[in-house]
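The file entry.cif contains mmCIF, C-alpha atoms; chains and numbers go by the auth columns:
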data_protein
loop_
_atom_site.group_PDB
_atom_site.id
_atom_site.type_symbol
_atom_site.label_atom_id
_atom_site.label_comp_id
_atom_site.label_asym_id
_atom_site.label_seq_id
_atom_site.Cartn_x
_atom_site.Cartn_y
_atom_site.Cartn_z
_atom_site.B_iso_or_equiv
_atom_site.auth_seq_id
_atom_site.auth_asym_id
ATOM 1 C CA MET A 1 0.000 0.000 0.000 0.00 21 A
ATOM 2 C CA GLU A 2 1.556 3.271 -1.120 0.00 22 A
ATOM 3 C CA ASN A 3 -0.870 5.590 0.648 0.00 23 A
ATOM 4 C CA PRO A 4 -1.183 4.842 4.364 0.00 24 A
ATOM 5 C CA ASP A 5 -3.555 7.806 4.763 0.00 25 A
ATOM 6 C CA SER A 6 -6.173 6.036 2.649 0.00 26 A
ATOM 7 C CA VAL A 7 -5.663 2.825 4.628 0.00 27 A
ATOM 8 C CA CYS A 8 -5.983 4.579 7.996 0.00 28 A
ATOM 9 C CA ARG A 9 -9.051 6.500 6.891 0.00 29 A
ATOM 10 C CA ALA A 10 -10.627 3.281 5.657 0.00 30 A
ATOM 11 C CA GLY A 11 -10.095 1.760 9.110 0.00 31 A
ATOM 12 C CA ILE A 12 -11.781 4.712 10.797 0.00 32 A
ATOM 13 C CA VAL A 13 -14.819 4.457 8.519 0.00 33 A
ATOM 14 C CA ILE A 14 -15.048 0.685 9.035 0.00 34 A
ATOM 15 C CA SER A 15 -15.043 1.212 12.802 0.00 35 A
ATOM 16 C CA MET A 16 -17.912 3.714 12.498 0.00 36 A
ATOM 17 C CA ILE A 17 -19.846 1.337 10.254 0.00 37 A
ATOM 18 C CA SER A 18 -19.325 -1.534 12.699 0.00 38 A
ATOM 19 C CA LYS A 19 -20.764 0.519 15.556 0.00 39 A
ATOM 20 C CA PHE A 20 -23.766 1.556 13.447 0.00 40 A
ATOM 21 C CA CYS A 21 -24.495 -2.009 12.326 0.00 41 A
ATOM 22 C CA GLU A 22 -24.321 -3.290 15.895 0.00 42 A
ATOM 23 C CA SER A 23 -26.959 -0.722 16.869 0.00 43 A
ATOM 24 C CA VAL A 24 -29.181 -1.774 13.964 0.00 44 A
ATOM 25 C CA LYS A 25 -28.764 -5.429 14.933 0.00 45 A
ATOM 26 C CA TYR A 26 -29.840 -4.626 18.498 0.00 46 A
ATOM 27 C CA LEU A 27 -32.880 -2.722 17.213 0.00 47 A
ATOM 28 C CA LYS A 28 -33.968 -5.643 15.010 0.00 48 A
ATOM 29 C CA GLU A 29 -33.595 -8.048 17.936 0.00 49 A
ATOM 30 C CA CYS A 30 -35.814 -5.803 20.071 0.00 50 A
ATOM 31 C CA MET A 31 -38.434 -5.639 17.325 0.00 51 A
ATOM 32 C CA GLN A 32 -38.353 -9.408 16.923 0.00 52 A
ATOM 33 C CA PHE A 33 -38.805 -9.871 20.688 0.00 53 A
ATOM 34 C CA GLN A 34 -41.807 -7.508 20.656 0.00 54 A
ATOM 35 C CA ALA A 35 -43.378 -9.351 17.731 0.00 55 A
ATOM 36 C CA LEU A 36 -42.860 -12.815 19.245 0.00 56 A
ATOM 37 C CA ASN A 37 -44.372 -11.764 22.564 0.00 57 A
ATOM 38 C CA GLY A 38 -47.330 -9.921 21.107 0.00 58 A
ATOM 39 C CA TYR A 39 -46.205 -6.469 22.177 0.00 59 A
ATOM 40 C CA ALA A 40 -47.044 -3.430 20.097 0.00 60 A
ATOM 41 C CA SER A 41 -43.988 -2.063 18.351 0.00 61 A
ATOM 42 C CA THR A 42 -42.568 0.930 20.201 0.00 62 A
ATOM 43 C CA THR A 43 -39.799 1.566 17.710 0.00 63 A
ATOM 44 C CA GLU A 44 -39.210 5.226 17.019 0.00 64 A
ATOM 45 C CA PRO A 45 -36.604 6.731 14.712 0.00 65 A
ATOM 46 C CA SER A 46 -33.323 7.232 16.533 0.00 66 A
ATOM 47 C CA TYR A 47 -32.045 10.682 15.669 0.00 67 A
ATOM 48 C CA GLU A 48 -28.642 9.665 16.988 0.00 68 A
ATOM 49 C CA LEU A 49 -28.474 6.734 14.546 0.00 69 A
ATOM 50 C CA LEU A 50 -29.658 8.870 11.650 0.00 70 A
ATOM 51 C CA GLU A 51 -27.024 11.476 12.453 0.00 71 A
ATOM 52 C CA GLN A 52 -24.428 8.699 12.670 0.00 72 A
ATOM 53 C CA ALA A 53 -25.454 7.521 9.212 0.00 73 A
ATOM 54 C CA GLY A 54 -25.052 11.016 7.784 0.00 74 A
ATOM 55 C CA SER A 55 -21.633 11.366 9.393 0.00 75 A
ATOM 56 C CA ILE A 56 -20.515 7.992 8.025 0.00 76 A
ATOM 57 C CA MET A 57 -21.581 8.994 4.519 0.00 77 A
ATOM 58 C CA ASN A 58 -19.571 12.201 4.801 0.00 78 A
ATOM 59 C CA HIS A 59 -16.516 10.190 5.850 0.00 79 A
ATOM 60 C CA ILE A 60 -17.047 7.781 2.940 0.00 80 A
ATOM 61 C CA ASP A 61 -17.209 10.703 0.512 0.00 81 A
ATOM 62 C CA SER A 62 -14.020 12.127 2.001 0.00 82 A
ATOM 63 C CA TRP A 63 -12.268 8.762 1.664 0.00 83 A
ATOM 64 C CA HIS A 64 -13.217 8.475 -2.001 0.00 84 A
ATOM 65 C CA ALA A 65 -12.155 12.062 -2.690 0.00 85 A
ATOM 66 C CA ARG A 66 -8.694 11.435 -1.212 0.00 86 A
ATOM 67 C CA LEU A 67 -7.966 8.156 -2.954 0.00 87 A
ATOM 68 C CA PRO A 68 -4.653 8.299 -4.850 0.00 88 A
ATOM 69 C CA ARG A 69 -5.147 9.143 -8.513 0.00 89 A
ATOM 70 C CA HIS A 70 -3.422 5.967 -9.700 0.00 90 A
ATOM 71 C CA TRP A 71 -5.887 3.868 -7.662 0.00 91 A
ATOM 72 C CA LYS A 72 -8.814 5.573 -9.355 0.00 92 A
ATOM 73 C CA ALA A 73 -7.136 5.295 -12.756 0.00 93 A
ATOM 74 C CA LYS A 74 -6.871 1.529 -12.413 0.00 94 A
ATOM 75 C CA LEU A 75 -10.593 1.199 -11.886 0.00 95 A
ATOM 76 C CA LYS A 76 -11.330 3.511 -14.809 0.00 96 A
ATOM 77 C CA ASP A 77 -9.048 1.403 -17.011 0.00 97 A
ATOM 78 C CA ALA A 78 -11.144 -1.621 -16.097 0.00 98 A
ATOM 79 C CA THR A 79 -14.394 -0.020 -17.220 0.00 99 A
ATOM 80 C CA PRO A 80 -16.084 -2.427 -19.663 0.00 100 A
ATOM 81 C CA GLY A 81 -15.666 -0.419 -22.844 0.00 101 A
ATOM 82 C CA GLY A 82 -13.888 -2.860 -25.104 0.00 102 A
ATOM 83 C CA LEU A 83 -14.680 -6.379 -26.184 0.00 103 A
ATOM 84 C CA PRO A 84 -15.506 -8.933 -23.456 0.00 104 A
ATOM 85 C CA GLY A 85 -12.411 -10.832 -22.475 0.00 105 A
ATOM 86 C CA GLU A 86 -10.154 -8.271 -24.172 0.00 106 A
ATOM 87 C CA ARG A 87 -7.797 -8.096 -21.218 0.00 107 A
ATOM 88 C CA VAL A 88 -5.891 -11.375 -20.912 0.00 108 A
ATOM 89 C CA SER A 89 -3.623 -10.633 -17.959 0.00 109 A
ATOM 90 C CA ALA A 90 -4.417 -9.716 -14.406 0.00 110 A
ATOM 91 C CA SER A 91 -3.288 -6.385 -13.018 0.00 111 A
ATOM 92 C CA LYS A 92 0.230 -6.302 -11.611 0.00 112 A
ATOM 93 C CA ASP A 93 -1.216 -4.506 -8.589 0.00 113 A
ATOM 94 C CA SER A 94 -4.294 -6.660 -7.995 0.00 114 A
ATOM 95 C CA TRP A 95 -3.912 -6.494 -4.229 0.00 115 A
ATOM 96 C CA THR A 96 -4.603 -2.759 -4.151 0.00 116 A
ATOM 97 C CA THR A 97 -7.674 -3.390 -6.305 0.00 117 A
ATOM 98 C CA CYS A 98 -8.805 -6.061 -3.839 0.00 118 A
ATOM 99 C CA PHE A 99 -8.365 -3.623 -0.976 0.00 119 A
ATOM 100 C CA VAL A 100 -10.577 -1.033 -2.676 0.00 120 A
ATOM 101 C CA ALA A 101 -13.178 -3.734 -3.426 0.00 121 A
ATOM 102 C CA ILE A 102 -13.275 -4.901 0.193 0.00 122 A
ATOM 103 C CA ILE A 103 -13.679 -1.348 1.484 0.00 123 A
ATOM 104 C CA SER A 104 -16.407 -0.694 -1.110 0.00 124 A
ATOM 105 C CA ALA A 105 -18.149 -3.886 0.021 0.00 125 A
ATOM 106 C CA THR A 106 -18.105 -2.530 3.577 0.00 126 A
ATOM 107 C CA HIS A 107 -19.694 0.684 2.319 0.00 127 A
ATOM 108 C CA LEU A 108 -22.305 -1.324 0.388 0.00 128 A
ATOM 109 C CA PHE A 109 -23.124 -3.386 3.475 0.00 129 A
ATOM 110 C CA PHE A 110 -23.578 -0.170 5.453 0.00 130 A
ATOM 111 C CA TYR A 111 -25.930 1.317 2.847 0.00 131 A
ATOM 112 C CA LEU A 112 -28.047 -1.834 2.867 0.00 132 A
ATOM 113 C CA GLN A 113 -28.156 -1.869 6.670 0.00 133 A
ATOM 114 C CA PHE A 114 -29.112 1.803 6.705 0.00 134 A
ATOM 115 C CA LEU A 115 -31.955 1.165 4.274 0.00 135 A
ATOM 116 C CA GLU A 116 -33.132 -1.776 6.348 0.00 136 A
ATOM 117 C CA TYR A 117 -33.111 0.374 9.459 0.00 137 A
ATOM 118 C CA CYS A 118 -35.118 3.123 7.780 0.00 138 A
ATOM 119 C CA GLU A 119 -37.650 0.592 6.518 0.00 139 A
ATOM 120 C CA CYS A 120 -38.175 -0.527 10.123 0.00 140 A
ATOM 121 C CA VAL A 121 -38.859 2.927 11.530 0.00 141 A
ATOM 122 C CA THR A 122 -40.094 5.010 8.592 0.00 142 A
ATOM 123 C CA PRO A 123 -43.593 4.582 7.139 0.00 143 A
ATOM 124 C CA ASN A 124 -43.053 6.694 3.989 0.00 144 A
ATOM 125 C CA LEU A 125 -39.565 5.626 2.963 0.00 145 A
ATOM 126 C CA GLU A 126 -39.988 6.132 -0.802 0.00 146 A
ATOM 127 C CA ALA A 127 -41.463 9.611 -0.341 0.00 147 A
ATOM 128 C CA LEU A 128 -38.550 10.629 1.873 0.00 148 A
ATOM 129 C CA LYS A 129 -36.028 9.341 -0.681 0.00 149 A
ATOM 130 C CA ALA A 130 -37.743 11.249 -3.491 0.00 150 A
ATOM 131 C CA LEU A 131 -38.103 14.589 -1.698 0.00 151 A
ATOM 132 C CA PRO A 132 -34.749 15.577 -0.185 0.00 152 A
ATOM 133 C CA ASP A 133 -34.747 18.077 2.652 0.00 153 A
ATOM 134 C CA GLU A 134 -31.329 19.174 3.860 0.00 154 A
ATOM 135 C CA ASN A 135 -32.830 20.066 7.241 0.00 155 A
ATOM 136 C CA SER A 136 -34.384 16.636 7.729 0.00 156 A
ATOM 137 C CA VAL A 137 -32.673 13.915 9.758 0.00 157 A
ATOM 138 C CA TYR A 138 -33.645 11.607 6.896 0.00 158 A
ATOM 139 C CA TYR A 139 -31.542 13.567 4.418 0.00 159 A
ATOM 140 C CA PRO A 140 -28.925 10.757 4.192 0.00 160 A
ATOM 141 C CA LEU A 141 -31.616 8.738 2.387 0.00 161 A
ATOM 142 C CA TYR A 142 -31.399 11.045 -0.599 0.00 162 A
ATOM 143 C CA GLY A 143 -29.144 9.558 -3.225 0.00 163 A
ATOM 144 C CA ILE A 144 -28.801 6.222 -1.424 0.00 164 A
ATOM 145 C CA GLY A 145 -29.560 4.396 -4.672 0.00 165 A
ATOM 146 C CA SER A 146 -26.640 6.089 -6.435 0.00 166 A
ATOM 147 C CA ARG A 147 -24.341 5.294 -3.527 0.00 167 A
ATOM 148 C CA ILE A 148 -25.304 1.634 -3.651 0.00 168 A
ATOM 149 C CA GLN A 149 -24.767 1.486 -7.407 0.00 169 A
ATOM 150 C CA ASP A 150 -21.376 3.199 -7.123 0.00 170 A
ATOM 151 C CA SER A 151 -20.223 0.571 -4.610 0.00 171 A
ATOM 152 C CA VAL A 152 -21.527 -2.257 -6.789 0.00 172 A
ATOM 153 C CA ASN A 153 -19.763 -0.746 -9.817 0.00 173 A
ATOM 154 C CA ILE A 154 -16.416 -0.540 -8.017 0.00 174 A
ATOM 155 C CA ILE A 155 -16.646 -4.165 -6.895 0.00 175 A
ATOM 156 C CA CYS A 156 -17.503 -5.354 -10.400 0.00 176 A
ATOM 157 C CA LEU A 157 -14.709 -3.283 -11.936 0.00 177 A
ATOM 158 C CA SER A 158 -12.307 -4.739 -9.385 0.00 178 A
ATOM 159 C CA VAL A 159 -13.332 -8.271 -10.373 0.00 179 A
ATOM 160 C CA SER A 160 -12.870 -7.411 -14.063 0.00 180 A
ATOM 161 C CA TYR A 161 -9.493 -5.834 -13.334 0.00 181 A
ATOM 162 C CA ALA A 162 -7.981 -8.434 -11.024 0.00 182 A
ATOM 163 C CA LEU A 163 -9.726 -11.764 -11.578 0.00 183 A
ATOM 164 C CA GLY A 164 -11.381 -12.094 -14.992 0.00 184 A
ATOM 165 C CA SER A 165 -14.429 -11.156 -17.049 0.00 185 A
ATOM 166 C CA MET A 166 -17.364 -12.553 -19.011 0.00 186 A
ATOM 167 C CA ASN A 167 -16.549 -13.682 -22.547 0.00 187 A
ATOM 168 C CA VAL A 168 -18.716 -13.414 -25.667 0.00 188 A
ATOM 169 C CA HIS A 169 -20.396 -16.720 -24.775 0.00 189 A
ATOM 170 C CA GLY A 170 -21.532 -15.465 -21.396 0.00 190 A
ATOM 171 C CA ASP A 171 -19.025 -17.569 -19.454 0.00 191 A
ATOM 172 C CA PHE A 172 -16.603 -16.302 -16.847 0.00 192 A
ATOM 173 C CA GLU A 173 -13.062 -16.292 -18.203 0.00 193 A
ATOM 174 C CA PRO A 174 -10.322 -15.896 -15.582 0.00 194 A
ATOM 175 C CA PHE A 175 -7.017 -14.293 -16.490 0.00 195 A
ATOM 176 C CA HIS A 176 -4.318 -16.839 -17.292 0.00 196 A
ATOM 177 C CA ASP A 177 -2.072 -15.501 -14.534 0.00 197 A
ATOM 178 C CA THR A 178 -4.722 -14.933 -11.861 0.00 198 A
ATOM 179 C CA LYS A 179 -3.539 -15.783 -8.359 0.00 199 A
ATOM 180 C CA HIS A 180 -6.017 -17.855 -6.350 0.00 200 A
ATOM 181 C CA GLY A 181 -5.534 -15.552 -3.373 0.00 201 A
ATOM 182 C CA ILE A 182 -7.140 -12.728 -5.362 0.00 202 A
ATOM 183 C CA GLY A 183 -10.393 -14.638 -5.725 0.00 203 A
ATOM 184 C CA TYR A 184 -10.327 -15.570 -2.053 0.00 204 A
ATOM 185 C CA ASN A 185 -10.020 -11.913 -1.044 0.00 205 A
ATOM 186 C CA LEU A 186 -12.897 -10.977 -3.347 0.00 206 A
ATOM 187 C CA LEU A 187 -15.280 -13.661 -2.013 0.00 207 A
ATOM 188 C CA TRP A 188 -17.261 -11.358 0.284 0.00 208 A
ATOM 189 C CA PRO A 189 -17.521 -8.402 -2.141 0.00 209 A
ATOM 190 C CA MET A 190 -18.620 -10.724 -4.968 0.00 210 A
ATOM 191 C CA SER A 191 -21.135 -12.488 -2.733 0.00 211 A
ATOM 192 C CA LEU A 192 -22.682 -9.162 -1.705 0.00 212 A
ATOM 193 C CA VAL A 193 -23.110 -8.063 -5.328 0.00 213 A
ATOM 194 C CA ALA A 194 -24.371 -11.474 -6.479 0.00 214 A
ATOM 195 C CA ASN A 195 -27.154 -11.372 -3.883 0.00 215 A
ATOM 196 C CA CYS A 196 -27.900 -7.632 -3.818 0.00 216 A
ATOM 197 C CA GLN A 197 -31.358 -6.718 -5.080 0.00 217 A
ATOM 198 C CA PHE A 198 -29.959 -3.462 -6.462 0.00 218 A
ATOM 199 C CA SER A 199 -27.345 -5.116 -8.679 0.00 219 A
ATOM 200 C CA MET A 200 -28.015 -5.097 -12.404 0.00 220 A
ATOM 201 C CA THR A 201 -28.453 -8.489 -14.046 0.00 221 A
ATOM 202 C CA GLU A 202 -25.021 -8.463 -15.700 0.00 222 A
ATOM 203 C CA GLN A 203 -23.339 -7.346 -12.479 0.00 223 A
ATOM 204 C CA ALA A 204 -24.933 -10.130 -10.457 0.00 224 A
ATOM 205 C CA ARG A 205 -24.069 -12.651 -13.186 0.00 225 A
ATOM 206 C CA LEU A 206 -20.419 -11.578 -13.311 0.00 226 A
ATOM 207 C CA CYS A 207 -19.980 -11.953 -9.563 0.00 227 A
ATOM 208 C CA ARG A 208 -21.955 -15.203 -9.418 0.00 228 A
ATOM 209 C CA ARG A 209 -19.835 -16.787 -12.142 0.00 229 A
ATOM 210 C CA ALA A 210 -16.634 -15.443 -10.585 0.00 230 A
ATOM 211 C CA LEU A 211 -17.704 -16.926 -7.259 0.00 231 A
ATOM 212 C CA GLU A 212 -18.305 -20.304 -8.882 0.00 232 A
ATOM 213 C CA TYR A 213 -14.850 -20.160 -10.449 0.00 233 A
ATOM 214 C CA THR A 214 -13.195 -19.143 -7.181 0.00 234 A
ATOM 215 C CA TRP A 215 -14.893 -21.880 -5.176 0.00 235 A
ATOM 216 C CA SER A 216 -13.910 -24.424 -7.819 0.00 236 A
ATOM 217 C CA THR A 217 -10.231 -23.484 -7.443 0.00 237 A
ATOM 218 C CA MET A 218 -10.612 -24.205 -3.729 0.00 238 A
ATOM 219 C CA GLY A 219 -12.206 -27.588 -4.338 0.00 239 A
ATOM 220 C CA ARG A 220 -15.603 -26.443 -3.095 0.00 240 A
ATOM 221 C CA VAL A 221 -19.028 -25.908 -4.627 0.00 241 A
ATOM 222 C CA ASP A 222 -20.723 -22.522 -4.347 0.00 242 A
ATOM 223 C CA ASN A 223 -24.259 -22.983 -3.008 0.00 243 A
ATOM 224 C CA SER A 224 -25.132 -19.284 -2.799 0.00 244 A
ATOM 225 C CA SER A 225 -26.829 -19.037 -6.225 0.00 245 A
#
Could you rewrite the structure in this file as structure tokens?
Amino acid sequence: MENPDSVCRAGIVISMISKFCESVKYLKECMQFQALNGYASTTEPSYELLEQAGSIMNHIDSWHARLPRHWKAKLKDATPGGLPGERVSASKDSWTTCFVAIISATHLFFYLQFLEYCECVTPNLEALKALPDENSVYYPLYGIGSRIQDSVNIICLSVSYALGSMNVHGDFEPFHDTKHGIGYNLLWPMSLVANCQFSMTEQARLCRRALEYTWSTMGRVDNSS
């Protein structure tokens, strides 16, 4: 890693996300207890949690803005613009790409948890997402769809840059010099995208096929699809 600042900042954001997700987990457990015991739900929006979510998003934006230019350039180079399977060799710096994918997967997981939380406590979720109000505690909801798609895009580009891509026949074609450790490190990001309801069909297919390939190199069968 050539930019320790980006690594340290990523750790700070992950710590914030971990704390937020633990709070959401506790809330869901309370709601489940109320439902199982016939109690009326007393769940009210937590302004502290909503403020936490907004702060986390600001930190995520700051992290992305301060990424080294050559990191961003690598992902842009991997943008599917040429023929499928055009790149035949894996990146020489695939580990940095894996790092960005794992951090983006953490961001994606946070966005999904945040949405799940809002669905639990907010009756008019779609209306709030469509009508942004900078003075509302629900303002972090605005643009959540774009944030999710950005994270999914980065993960898919990382797979295409470091592991392999779909060929003209619709099959996953790994790079001839792909290291098995790369696929192992991308397991969680690819699994998130493969099972995310917001992933586009081709994105989910890419990650599903890449998962199948990775599991096969480890002598296991992927049962997630």
Item to check | Selection under test: the PyMOL selection byres ((chain A and resi 40) around 12); residues as a PyMOL selection string | outcome: chain A and resi 33-39+41-47+66+68-77+127+129-134+137
Dump C-alpha atoms for the selected residues as a tab-separated table (two decimals), keeping the file's coordinate frame?
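Here's the written file out_19.tsv:
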chain	number	residue	atom	x	y	z
A	33	VAL	CA	-14.82	4.46	8.52
A	34	ILE	CA	-15.05	0.68	9.04
A	35	SER	CA	-15.04	1.21	12.80
A	36	MET	CA	-17.91	3.71	12.50
A	37	ILE	CA	-19.85	1.34	10.25
A	38	SER	CA	-19.32	-1.53	12.70
A	39	LYS	CA	-20.76	0.52	15.56
A	41	CYS	CA	-24.50	-2.01	12.33
A	42	GLU	CA	-24.32	-3.29	15.90
A	43	SER	CA	-26.96	-0.72	16.87
A	44	VAL	CA	-29.18	-1.77	13.96
A	45	LYS	CA	-28.76	-5.43	14.93
A	46	TYR	CA	-29.84	-4.63	18.50
A	47	LEU	CA	-32.88	-2.72	17.21
A	66	SER	CA	-33.32	7.23	16.53
A	68	GLU	CA	-28.64	9.66	16.99
A	69	LEU	CA	-28.47	6.73	14.55
A	70	LEU	CA	-29.66	8.87	11.65
A	71	GLU	CA	-27.02	11.48	12.45
A	72	GLN	CA	-24.43	8.70	12.67
A	73	ALA	CA	-25.45	7.52	9.21
A	74	GLY	CA	-25.05	11.02	7.78
A	75	SER	CA	-21.63	11.37	9.39
A	76	ILE	CA	-20.52	7.99	8.02
A	77	MET	CA	-21.58	8.99	4.52
A	127	HIS	CA	-19.69	0.68	2.32
A	129	PHE	CA	-23.12	-3.39	3.48
A	130	PHE	CA	-23.58	-0.17	5.45
A	131	TYR	CA	-25.93	1.32	2.85
A	132	LEU	CA	-28.05	-1.83	2.87
A	133	GLN	CA	-28.16	-1.87	6.67
A	134	PHE	CA	-29.11	1.80	6.70
A	137	TYR	CA	-33.11	0.37	9.46
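The residues returned by the PyMOL selection byres ((chain A and resi 217) around 12) on the shown structure are Leu128, Leu132, Gly165, Ile168, Gln169, Val172, Ser211, Leu212, Val213, Ala214, Asn215, Cys216, Phe218, Ser219, Met220, Thr221, Gln223 and Ala224 of chain A.
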Next on the checklist: What would the selection look like, as a PyMOL selection string, if the PyMOL selection byres ((chain A and resi 201) around 12) were run on the coordinates I just shared?
Outcome noted: chain A and resi 114-115+118+182-183+197-200+202-207+234-235+237-238
Let me see the file: selected residues, C-alpha atoms, as a PDB file, in the frame of the given file.
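The result, stored in result15.pdb:
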ATOM      1  CA  SER A 114      -4.294  -6.660  -7.995  1.00  0.00           C
ATOM      2  CA  TRP A 115      -3.912  -6.494  -4.229  1.00  0.00           C
ATOM      3  CA  CYS A 118      -8.805  -6.061  -3.839  1.00  0.00           C
ATOM      4  CA  ALA A 182      -7.981  -8.434 -11.024  1.00  0.00           C
ATOM      5  CA  LEU A 183      -9.726 -11.764 -11.578  1.00  0.00           C
ATOM      6  CA  ASP A 197      -2.072 -15.501 -14.534  1.00  0.00           C
ATOM      7  CA  THR A 198      -4.722 -14.933 -11.861  1.00  0.00           C
ATOM      8  CA  LYS A 199      -3.539 -15.783  -8.359  1.00  0.00           C
ATOM      9  CA  HIS A 200      -6.017 -17.855  -6.350  1.00  0.00           C
ATOM     10  CA  ILE A 202      -7.140 -12.728  -5.362  1.00  0.00           C
ATOM     11  CA  GLY A 203     -10.393 -14.638  -5.725  1.00  0.00           C
ATOM     12  CA  TYR A 204     -10.327 -15.570  -2.053  1.00  0.00           C
ATOM     13  CA  ASN A 205     -10.020 -11.913  -1.044  1.00  0.00           C
ATOM     14  CA  LEU A 206     -12.897 -10.977  -3.347  1.00  0.00           C
ATOM     15  CA  LEU A 207     -15.280 -13.661  -2.013  1.00  0.00           C
ATOM     16  CA  THR A 234     -13.195 -19.143  -7.181  1.00  0.00           C
ATOM     17  CA  TRP A 235     -14.893 -21.880  -5.176  1.00  0.00           C
ATOM     18  CA  THR A 237     -10.231 -23.484  -7.443  1.00  0.00           C
ATOM     19  CA  MET A 238     -10.612 -24.205  -3.729  1.00  0.00           C
TER      20      MET A 238
END
Checklist outcome for this item: Across A:Ser82, A:Ser124, A:Gln52, A:Ser166, the smallest distance to Asp25 of chain A, with only C-alpha atoms counted, is shown by A:Ser82
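Distances to Arg229 of chain A were evaluated for A:Ile123, A:Leu87, A:Leu135, A:Met210 using all atoms listed in the file, and the minimum falls at A:Met210.
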Checklist entry - If you measure from atom CA of Cys138 of chain A to atom CA of Thr126 of chain A, what distance in Å do you get, rounded to one decimal? => result 18.4 Å
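Between atom CA of Cys176 of chain A and atom CA of His79 of chain A there is a distance of 22.5 Å.
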